[in-house]
Structure formats: structure tokens, C-alpha cells
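Heads up, structure_38.txt below (compact mmCIF, C-alpha atoms):
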```
# COMPACT_ATOMS: atom_id res chain seq x y z
CA ALA Y 1 -3.09 5.17 -28.70
CA THR Y 2 -4.64 6.92 -25.76
CA LEU Y 3 -7.64 6.16 -23.58
CA LEU Y 4 -8.80 9.79 -23.59
CA PRO Y 5 -10.25 11.62 -26.63
CA SER Y 6 -7.75 13.66 -28.64
CA SER Y 7 -9.79 16.87 -28.48
CA PRO Y 8 -8.82 19.09 -25.47
CA VAL Y 9 -12.50 19.96 -24.95
CA ALA Y 10 -13.48 16.30 -24.98
CA GLN Y 11 -10.62 15.41 -22.63
CA GLU Y 12 -11.75 18.01 -20.10
CA ALA Y 13 -15.33 16.75 -20.38
CA VAL Y 14 -14.19 13.20 -19.60
CA ARG Y 15 -12.13 14.40 -16.65
CA ARG Y 16 -15.04 16.44 -15.28
CA LEU Y 17 -17.30 13.41 -15.63
CA LEU Y 18 -14.87 11.09 -13.84
CA ARG Y 19 -14.30 13.55 -10.99
CA HIS Y 20 -17.96 13.17 -10.04
CA HIS Y 21 -17.96 9.39 -10.18
CA PRO Y 22 -16.78 6.86 -7.60
CA LYS Y 23 -13.05 6.65 -7.09
CA LEU Y 24 -10.55 3.82 -7.32
CA HIS Y 25 -8.71 3.22 -4.07
CA PRO Y 26 -4.98 3.86 -4.79
CA GLU Y 27 -4.05 0.55 -3.13
CA SER Y 28 -6.41 -1.48 -5.33
CA SER Y 29 -5.19 -3.78 -8.08
CA ALA Y 30 -7.08 -1.73 -10.69
CA ALA Y 31 -5.34 1.49 -9.62
CA ALA Y 32 -1.98 -0.27 -9.77
CA GLU Y 33 -2.74 -1.44 -13.31
CA PHE Y 34 -3.60 2.11 -14.41
CA ARG Y 35 -0.32 3.37 -12.94
CA ARG Y 36 1.56 0.61 -14.73
CA LEU Y 37 0.03 1.84 -17.99
CA GLY Y 38 1.15 5.41 -17.25
CA LEU Y 39 -2.39 6.56 -16.40
CA GLY Y 40 -1.89 7.29 -12.70
CA SER Y 41 -3.00 10.92 -13.11
CA LEU Y 42 -6.54 10.10 -14.23
CA PRO Y 43 -9.11 11.99 -12.09
CA PHE Y 44 -10.83 8.94 -10.62
CA LEU Y 45 -7.53 8.06 -8.89
CA GLU Y 46 -7.31 11.49 -7.20
CA PHE Y 47 -8.81 11.54 -3.73
CA ASP Y 48 -8.02 11.52 -0.04
CA VAL Y 49 -7.71 7.93 1.19
CA GLU Y 50 -8.34 8.77 4.84
CA GLN Y 51 -11.31 11.04 4.13
CA PRO Y 52 -12.82 9.89 0.83
CA TRP Y 53 -16.10 11.22 -0.50
CA GLY Y 54 -18.54 9.12 -2.46
CA CYS Y 55 -17.83 5.41 -2.74
CA PHE Y 56 -15.03 3.24 -4.07
CA LEU Y 57 -15.20 1.76 -7.54
CA GLU Y 58 -12.92 -0.96 -6.18
CA GLU Y 59 -12.01 -1.52 -2.55
CA PRO Y 60 -8.33 -1.61 -1.47
CA SER Y 61 -8.70 -5.34 -0.85
CA PRO Y 62 -10.58 -6.65 -3.90
CA PRO Y 63 -12.27 -10.01 -3.23
CA GLN Y 64 -11.60 -11.61 -6.60
CA SER Y 65 -8.56 -13.77 -7.29
CA PRO Y 66 -6.25 -14.12 -9.02
CA VAL Y 67 -5.39 -10.67 -10.41
CA THR Y 68 -3.80 -11.16 -13.80
CA SER Y 69 -5.22 -8.26 -15.81
CA PHE Y 70 -7.74 -5.45 -15.49
CA GLY Y 71 -10.49 -5.50 -18.11
CA ALA Y 72 -10.82 -1.73 -18.26
CA ALA Y 73 -7.26 -1.33 -19.50
CA SER Y 74 -8.56 -1.07 -23.07
CA PRO Y 75 -10.89 1.61 -24.51
CA GLN Y 76 -13.64 -1.02 -24.78
CA GLY Y 77 -13.04 -2.01 -21.16
CA LEU Y 78 -13.36 1.61 -20.06
CA GLN Y 79 -16.70 1.85 -21.82
CA HIS Y 80 -18.01 -1.16 -19.91
CA ALA Y 81 -16.60 0.18 -16.64
CA PHE Y 82 -18.22 3.62 -16.77
CA LEU Y 83 -21.09 3.66 -19.28
CA PRO Y 84 -24.48 1.91 -18.85
CA GLY Y 85 -24.74 -1.19 -21.03
CA GLY Y 86 -21.14 -0.94 -22.16
CA GLY Y 87 -21.57 2.31 -24.11
CA GLU Y 88 -23.11 3.13 -27.47
CA GLY Y 89 -22.30 1.35 -30.70
CA HIS Y 90 -22.83 -2.20 -29.41
CA GLU Y 91 -25.76 -3.49 -31.43
CA GLU Y 92 -25.44 -7.11 -30.34
CA GLU Y 93 -26.14 -8.07 -26.78
CA GLU Y 94 -23.15 -9.79 -25.24
CA GLU Y 95 -23.59 -13.06 -23.46
CA ALA Y 96 -23.20 -13.08 -19.70
CA PRO Y 97 -19.74 -14.32 -18.66
CA THR Y 98 -19.58 -17.88 -17.44
CA GLN Y 99 -19.16 -18.13 -13.68
CA GLN Y 100 -15.66 -19.37 -12.96
CA PRO Y 101 -14.83 -21.36 -9.84
CA THR Y 102 -13.00 -19.34 -7.19
CA ALA Y 103 -9.34 -20.25 -6.97
CA ARG Y 104 -8.24 -21.65 -3.64
CA ARG Y 105 -6.16 -19.15 -1.71
CA ALA Y 106 -2.80 -20.21 -0.37
CA ASP Y 107 -2.31 -20.10 3.37
CA PRO Y 108 -0.79 -16.65 4.14
CA SER Y 109 1.55 -18.13 6.78
CA GLU Y 110 2.93 -20.56 4.21
CA LEU Y 111 3.37 -17.73 1.70
CA ALA Y 112 5.13 -15.63 4.32
CA ALA Y 113 7.50 -18.51 5.07
CA SER Y 114 8.31 -18.80 1.36
CA VAL Y 115 8.93 -15.05 1.18
CA ARG Y 116 11.35 -15.23 4.11
CA ASP Y 117 13.22 -18.02 2.31
CA SER Y 118 13.56 -15.65 -0.67
CA LEU Y 119 15.08 -12.79 1.34
CA GLY Y 120 18.63 -13.97 0.97
CA GLY Y 121 18.97 -15.64 4.36
CA ALA Y 122 17.90 -12.60 6.36
CA GLY Y 123 18.43 -13.00 10.09
CA ILE Y 124 15.86 -10.37 11.06
CA VAL Y 125 13.10 -8.87 8.92
CA ILE Y 126 11.96 -5.29 9.55
CA CYS Y 127 8.78 -4.17 7.77
CA VAL Y 128 7.50 -0.64 7.20
CA LEU Y 129 3.75 -0.06 7.18
CA GLY Y 130 2.09 3.13 5.96
CA PRO Y 131 -0.47 4.60 3.54
CA SER Y 132 0.12 5.37 -0.12
CA LYS Y 133 -0.55 9.04 0.55
CA CYS Y 134 0.80 11.00 3.51
CA HIS Y 135 -1.31 13.41 5.55
CA SER Y 136 1.46 14.69 7.81
CA GLN Y 137 4.34 16.66 6.35
CA ASP Y 138 6.71 14.84 8.70
CA SER Y 139 5.80 11.30 7.61
CA GLU Y 140 8.11 10.88 4.63
CA PRO Y 141 11.07 12.63 6.34
CA LEU Y 142 10.48 10.33 9.35
CA ALA Y 143 10.52 7.25 7.13
CA ALA Y 144 13.69 8.41 5.39
CA ALA Y 145 15.48 9.19 8.67
CA ILE Y 146 14.57 5.77 10.11
CA ALA Y 147 15.80 4.07 6.92
CA ARG Y 148 19.19 5.79 7.11
CA LEU Y 149 19.65 4.79 10.74
CA LEU Y 150 18.49 1.18 10.35
CA SER Y 151 20.40 0.44 7.16
CA GLN Y 152 23.58 1.75 8.76
CA ALA Y 153 23.20 0.18 12.21
CA LEU Y 154 21.81 -3.29 11.44
CA PRO Y 155 24.09 -6.22 10.54
CA ALA Y 156 24.16 -7.38 6.93
CA PRO Y 157 21.73 -10.35 7.17
CA ALA Y 158 18.84 -8.05 8.14
CA ALA Y 159 16.18 -7.42 5.47
CA LEU Y 160 14.16 -4.21 5.15
CA VAL Y 161 10.73 -4.89 3.65
CA THR Y 162 8.06 -2.59 2.18
CA GLY Y 163 4.72 -3.27 0.54
CA GLY Y 164 5.71 -1.48 -2.67
CA LEU Y 165 3.42 1.51 -2.02
CA ALA Y 166 4.05 5.22 -2.45
CA GLY Y 167 4.23 7.57 0.54
CA PRO Y 168 6.40 6.68 3.55
CA GLN Y 169 7.25 3.20 2.24
CA ARG Y 170 8.79 4.64 -0.92
CA ALA Y 171 10.62 7.32 1.09
CA PHE Y 172 11.99 4.60 3.37
CA ALA Y 173 13.24 2.42 0.51
CA ARG Y 174 14.93 5.26 -1.35
CA ALA Y 175 16.73 6.48 1.78
CA CYS Y 176 18.33 3.14 2.68
CA ARG Y 177 22.11 3.29 2.42
CA ASP Y 178 22.32 -0.28 1.13
CA ASP Y 179 19.39 -0.94 -1.18
CA SER Y 180 20.46 -4.54 -1.77
CA ARG Y 181 18.79 -5.25 1.60
CA VAL Y 182 15.49 -3.66 0.53
CA TRP Y 183 12.69 -5.96 -0.61
CA ASN Y 184 9.33 -4.75 -1.92
CA LEU Y 185 6.42 -7.21 -1.79
CA VAL Y 186 4.16 -6.73 -4.82
CA VAL Y 187 1.27 -8.44 -6.59
CA TYR Y 188 2.11 -10.69 -9.53
CA GLY Y 189 2.64 -8.60 -12.67
CA GLN Y 190 3.12 -5.34 -10.76
CA TYR Y 191 6.16 -3.42 -9.59
CA SER Y 192 7.01 -0.80 -6.98
CA ASP Y 193 8.48 1.84 -9.30
CA TYR Y 194 10.94 2.76 -6.50
CA GLY Y 195 14.06 2.36 -8.60
CA VAL Y 196 15.80 0.77 -5.59
CA GLY Y 197 15.76 -2.59 -3.86
CA GLN Y 198 14.29 -5.77 -5.24
CA ASP Y 199 10.63 -6.29 -6.06
CA LEU Y 200 9.35 -9.69 -4.95
CA GLU Y 201 6.16 -10.84 -6.69
CA CYS Y 202 4.51 -13.03 -4.09
CA CYS Y 203 0.73 -12.70 -4.07
CA GLN Y 204 -2.40 -12.60 -6.19
CA ASP Y 205 -3.90 -9.30 -5.01
CA GLN Y 206 -3.62 -6.55 -2.42
CA GLU Y 207 -5.58 -8.51 0.17
CA GLU Y 208 -3.12 -11.37 -0.04
CA ARG Y 209 -0.16 -8.97 -0.05
CA CYS Y 210 -1.38 -7.40 3.21
CA ALA Y 211 -1.88 -10.85 4.76
CA VAL Y 212 1.66 -11.90 3.83
CA MET Y 213 3.16 -8.58 4.93
CA ALA Y 214 1.57 -8.98 8.37
CA ARG Y 215 3.22 -12.39 8.82
CA VAL Y 216 6.69 -12.03 7.32
CA GLY Y 217 8.35 -9.57 9.70
CA ASP Y 218 9.95 -9.67 13.13
CA VAL Y 219 9.64 -5.91 13.68
CA TYR Y 220 7.10 -3.47 12.22
CA VAL Y 221 7.51 0.31 12.07
CA THR Y 222 4.18 2.04 11.37
CA ILE Y 223 3.75 5.56 10.05
CA GLU Y 224 0.25 7.06 9.79
CA GLY Y 225 -2.11 4.53 8.18
CA GLY Y 226 -5.77 3.67 7.85
CA PRO Y 227 -7.77 0.48 8.47
CA GLY Y 228 -5.39 -1.60 6.33
CA VAL Y 229 -2.31 -0.63 8.32
CA ALA Y 230 -4.20 -1.23 11.58
CA GLN Y 231 -5.21 -4.73 10.39
CA GLU Y 232 -1.64 -5.62 9.43
CA ALA Y 233 -0.40 -4.35 12.79
CA ARG Y 234 -3.03 -6.40 14.67
CA VAL Y 235 -2.04 -9.62 12.93
CA ALA Y 236 1.66 -8.90 13.51
CA ALA Y 237 1.13 -8.12 17.20
CA GLU Y 238 -1.05 -11.20 17.76
CA ARG Y 239 1.69 -13.51 16.51
CA GLY Y 240 4.29 -11.85 18.76
CA ALA Y 241 6.07 -9.46 16.40
CA LEU Y 242 7.29 -6.13 17.77
CA VAL Y 243 5.18 -3.21 16.49
CA VAL Y 244 6.67 0.29 16.83
CA PRO Y 245 4.13 3.05 16.04
CA LEU Y 246 5.32 6.53 15.12
CA SER Y 247 2.29 7.97 16.90
CA ARG Y 248 3.24 11.58 16.11
CA SER Y 249 2.29 10.84 12.48
CA GLY Y 250 -1.40 10.28 13.36
CA GLY Y 251 -3.91 7.87 11.85
CA ALA Y 252 -3.66 4.21 12.78
CA SER Y 253 -0.24 4.78 14.32
CA ALA Y 254 -1.87 7.10 16.86
CA GLY Y 255 -4.45 4.48 17.85
CA MET Y 256 -7.21 4.89 15.25
CA PHE Y 257 -8.98 2.09 13.34
CA ASP Y 258 -8.65 -0.47 16.15
CA PHE Y 259 -4.85 -0.39 16.12
CA PRO Y 260 -3.54 -3.04 18.57
CA ARG Y 261 -3.62 -1.61 22.09
CA SER Y 262 -0.60 -3.65 23.11
CA ALA Y 263 1.52 -1.77 20.56
CA LEU Y 264 0.43 1.59 22.03
CA SER Y 265 1.77 0.72 25.50
CA LYS Y 266 5.43 1.30 26.34
CA PRO Y 267 7.41 -1.93 26.70
CA GLU Y 268 9.18 -2.28 30.04
CA TRP Y 269 12.63 -2.22 28.44
CA VAL Y 270 12.04 1.08 26.60
CA HIS Y 271 13.05 4.36 28.28
CA GLU Y 272 10.25 6.84 29.00
CA GLU Y 273 12.11 9.56 27.11
CA ASP Y 274 12.42 7.49 23.94
CA TRP Y 275 8.77 6.42 24.03
CA ALA Y 276 7.67 10.04 24.44
CA LEU Y 277 9.72 11.05 21.40
CA LEU Y 278 7.69 8.68 19.18
CA GLY Y 279 4.59 10.79 19.80
CA SER Y 280 6.05 14.25 20.34
CA GLN Y 281 5.18 16.88 17.76
CA ASP Y 282 7.81 19.14 19.29
CA ALA Y 283 10.67 16.71 18.74
CA THR Y 284 12.70 16.89 15.55
CA VAL Y 285 12.29 14.22 12.90
CA GLU Y 286 15.78 12.97 13.69
CA GLN Y 287 14.98 12.64 17.41
CA SER Y 288 11.82 10.62 16.80
CA ALA Y 289 13.59 8.45 14.24
CA ALA Y 290 16.44 7.72 16.64
CA ALA Y 291 13.94 6.80 19.38
CA ALA Y 292 12.27 4.30 17.06
```
Can you turn what I pasted into C-alpha cells?
Amino acid sequence: ATLLPSSPVAQEAVRRLLRHHPKLHPESSAAAEFRRLGLGSLPFLEFDVEQPWGCFLEEPSPPQSPVTSFGAASPQGLQHAFLPGGGEGHEEEEEAPTQQPTARRADPSELAASVRDSLGGAGIVICVLGPSKCHSQDSEPLAAAIARLLSQALPAPAALVTGGLAGPQRAFARACRDDSRVWNLVVYGQYSDYGVGQDLECCQDQEERCAVMARVGDVYVTIEGGPGVAQEARVAAERGALVVPLSRSGGASAGMFDFPRSALSKPEWVHEEDWALLGSQDATVEQSAAAA
């Protein structure tokens, strides 16, 4: 069965309708559920994260918890999501859902500690932060080059951690020479679809995943990014983790969205030449990756 009408004309009408409606943020739990069902190409998932138009149908950090299923995953659910009153053909008025008590959230620091215990005794944890969609043509090659260097140079106990998103995080994971050291933090019931590394289900929703991600690493490499990446970097920097921004990639990594100012200043022990390579558009991808 399919969620779109079988008629090509009707399918195009639905797509045209959805293109003019609010969009789902690609990092939201609802968008992840659609991708899991093989519906990632639906029009209301197609938009520019950094420069969206209209409004979001669901924010990247949905407030509800826990995320176990998305009601619009069935044809009836889609009707209630997009049509006034749940669509035509419903003669009986449905009762309002009973208000359920909000589940108590686990402390993100405690969750992060549990995640570290699950990383196979990793001595150092290096996390990669970035958006699900790249806006610089160099971002994914940068992520891949850094992955090749780190996975070859670091001793075996080190863990390389992503948030299970597309874009530079996926490029990083797939380029690692030893994918047994790659761990992808995902929401319960979801998966990264990388085909490499190990997915670690550790949180109820994207908000909790971001909170855990910001607390689990010793070193953070950031590529591009929006407000979410900036928030993760702020939390990481405030607790003393090392944040290395690839500022040449733009976005949060170049100082936007209240990215931590401390991470934008050259540490005393870093050479001026290496720091300059992180932001140089004239440097090759390999040079900037080696400087990181």
C-alpha cells in the first residue's frame, strides 16, 4: 500500500499541495519516521534548513516525549495531519485524546555517561557535529578527509561518534578506515542508514539526542551547522571539551547562531598557520583537514 493516490494526476496534485504547506524539519522525529518508511522524498521534506520559507510542521527539537511512533504514518494519520477536521468521510466526531502526564526526562549527563560506558572502553571520544544538508561543496569532502586521518592516526581505544544524520556526519562515518570504532547516536526505534559503524539507540527524541551528544565527547569537530550545532558546541565548550570549528565551511562553524566565542579563538598551543588553514577558502580540503 502507498500513502499517495495511484493516479499520476492525483499524485502530482498532492505533491503540489504539500509543496505549499509548512515543512518538516529533516532533523525532526517525524521526518526520520517518514525516511524509515521509505518516504524521504515527499515534498514537505524538501527545503533548505538554513534558509527555510514558511514555518515548520515540526521543529527539529520536538517537545513531546517519548517518541515511539508517528501518528501520520498511516493514511488516516496523514488525513488528520493535513486536512481540516481529519478529512472527509468521518461522520462521527472523535473524542478528544486524554491528556497524558509528561514523562520525566533523564538527566542528559547521566545518559551521556551511560553512552560512554557503551562505547567499548573508549579512551577518548571524538564527535562530529554538522547539519543534515550541506551548503558548501567542500563540507562532505572535508568530513571524509578528517575521518581518514583520525581513524588512521588515533590509537584503537578512541571512539568516533556521529549523531546519525546525513550530510557531513554520514560522509565522516563512511570514510573511516576502521568502522568498528564508529558509533552513531540515534533515537529509539530509528537508525542512521549509514551502512557502517554501530547505531546506538540512546534517547527519546532529537532534543535529547542533541543534549547527550553535547556531553559525551572529549573533542568536537564542527562543520557548517545551524542553531542546533551552535547549541551543542556551547554546551561542549562550557564543560571544558575541545571544540574545533572548520570555519571555512560557514554557518555556525564560522561564528553564526551564537557559536561559543572561546572556540573561535586560537588556543595558545596551536600554530598560526594551522589555525589559518581551518578558515582558508584557498587551502585544499586535505590541508584544512590535516590542520584540524
Open item on the list: Residues within 6 Å of stretch 152-169 of chain Y, please, as an MDAnalysis selection string. Count all atoms listed in the file; anything in the same chain fewer than 4 positions from it doesn't count.
Closed with: chainID Y and resid 122:128 132:134 140 143 181:186 192
Just the residues within 9 Å of Y:Gln287, please, counting all atoms listed in the file, with nothing from its chain fewer than 3 positions along; format it as a PDB file with C-alpha atoms, in the frame of the given file.
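Listing of result.pdb after writing:
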```
ATOM      1  CA  ASP Y 274      12.420   7.490  23.940  1.00  0.00           C
ATOM      2  CA  LEU Y 277       9.720  11.050  21.400  1.00  0.00           C
ATOM      3  CA  LEU Y 278       7.690   8.680  19.180  1.00  0.00           C
ATOM      4  CA  ALA Y 283      10.670  16.710  18.740  1.00  0.00           C
ATOM      5  CA  THR Y 284      12.700  16.890  15.550  1.00  0.00           C
ATOM      6  CA  ALA Y 290      16.440   7.720  16.640  1.00  0.00           C
ATOM      7  CA  ALA Y 291      13.940   6.800  19.380  1.00  0.00           C
ATOM      8  CA  ALA Y 292      12.270   4.300  17.060  1.00  0.00           C
TER       9      ALA Y 292
END
```
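Nearest-residue note for Y:Ile146: choosing from Y:Val187, Y:Val221, Y:Ser247, Y:Glu232, the minimum distance belongs to Y:Val221, counting only C-alpha atoms.
Across the model, the gap from atom CA of Y:Gln206 to atom CA of Y:His25 is 11.1 Å.
For the residues Y:Lys266, Y:Arg170, Y:Arg105, Y:Arg36, ranking by smallest atom-to-atom distance to Y:Glu207 using only C-alpha atoms places Y:Arg105 first.
Once Y:Ala145 and its same-chain neighbours fewer than 3 positions away are set aside, Y:Asp138, Y:Ser139, Y:Glu140, Y:Pro141, Y:Leu142, Y:Arg148, Y:Leu149, Y:Leu150, Y:Ser151, Y:Gln152, Y:Pro168, Y:Ala171, Y:Phe172, Y:Ala173, Y:Arg174, Y:Ala175, Y:Cys176, Y:Arg177, Y:Thr284, Y:Val285, Y:Glu286, Y:Gln287, Y:Ser288, Y:Ala289, Y:Ala290, Y:Ala291, Y:Ala292 remain within 12 Å of it when counting all atoms listed in the file.
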Just-selected residues, C-alpha atoms written as a PDB file, in the frame of the given file:
```
ATOM      1  CA  ASP Y 138       6.710  14.840   8.700  1.00  0.00           C
ATOM      2  CA  SER Y 139       5.800  11.300   7.610  1.00  0.00           C
ATOM      3  CA  GLU Y 140       8.110  10.880   4.630  1.00  0.00           C
ATOM      4  CA  PRO Y 141      11.070  12.630   6.340  1.00  0.00           C
ATOM      5  CA  LEU Y 142      10.480  10.330   9.350  1.00  0.00           C
ATOM      6  CA  ARG Y 148      19.190   5.790   7.110  1.00  0.00           C
ATOM      7  CA  LEU Y 149      19.650   4.790  10.740  1.00  0.00           C
ATOM      8  CA  LEU Y 150      18.490   1.180  10.350  1.00  0.00           C
ATOM      9  CA  SER Y 151      20.400   0.440   7.160  1.00  0.00           C
ATOM     10  CA  GLN Y 152      23.580   1.750   8.760  1.00  0.00           C
ATOM     11  CA  PRO Y 168       6.400   6.680   3.550  1.00  0.00           C
ATOM     12  CA  ALA Y 171      10.620   7.320   1.090  1.00  0.00           C
ATOM     13  CA  PHE Y 172      11.990   4.600   3.370  1.00  0.00           C
ATOM     14  CA  ALA Y 173      13.240   2.420   0.510  1.00  0.00           C
ATOM     15  CA  ARG Y 174      14.930   5.260  -1.350  1.00  0.00           C
ATOM     16  CA  ALA Y 175      16.730   6.480   1.780  1.00  0.00           C
ATOM     17  CA  CYS Y 176      18.330   3.140   2.680  1.00  0.00           C
ATOM     18  CA  ARG Y 177      22.110   3.290   2.420  1.00  0.00           C
ATOM     19  CA  THR Y 284      12.700  16.890  15.550  1.00  0.00           C
ATOM     20  CA  VAL Y 285      12.290  14.220  12.900  1.00  0.00           C
ATOM     21  CA  GLU Y 286      15.780  12.970  13.690  1.00  0.00           C
ATOM     22  CA  GLN Y 287      14.980  12.640  17.410  1.00  0.00           C
ATOM     23  CA  SER Y 288      11.820  10.620  16.800  1.00  0.00           C
ATOM     24  CA  ALA Y 289      13.590   8.450  14.240  1.00  0.00           C
ATOM     25  CA  ALA Y 290      16.440   7.720  16.640  1.00  0.00           C
ATOM     26  CA  ALA Y 291      13.940   6.800  19.380  1.00  0.00           C
ATOM     27  CA  ALA Y 292      12.270   4.300  17.060  1.00  0.00           C
TER      28      ALA Y 292
END
```
- [ ] Write out as a PyMOL selection string the residues lying within 7 Å of stretch 109-119 of chain Y, counting only C-alpha atoms and excluding same-chain residues fewer than 4 positions away.
- [x] chain Y and resi 159+212+215-216
Task: Non-local contacts of Y:Pro245 (9 Å; all atoms listed in the file; under 2 positions in same chain excluded) as a PyMOL selection string - done: chain Y and resi 220-224+243+247-249+252-255+263-264+278-279+292
TODO: Enumerate, as a PyMOL selection string, the protein, DNA and RNA residues whose atoms approach (-3.9, -6.9, 19.1) to within 9 Å, taking into account only C-alpha atoms and the coordinate frame of the file.
DONE: chain Y and resi 233-238+258-263
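Each of Y:Phe257, Y:Pro227, Y:Leu129, Y:Gln198 was checked against Y:Val244 using all atoms listed in the file; the smallest atom-to-atom distance is that of Y:Leu129.
Using all atoms listed in the file for every distance, the candidate list Y:Pro131, Y:Ala144, Y:Asp107, Y:Trp269 yields Y:Pro131 as the residue closest to Y:Val229.
You will find atom CA of Y:Gly189 at 14.8 Å from atom CA of Y:Gly38.
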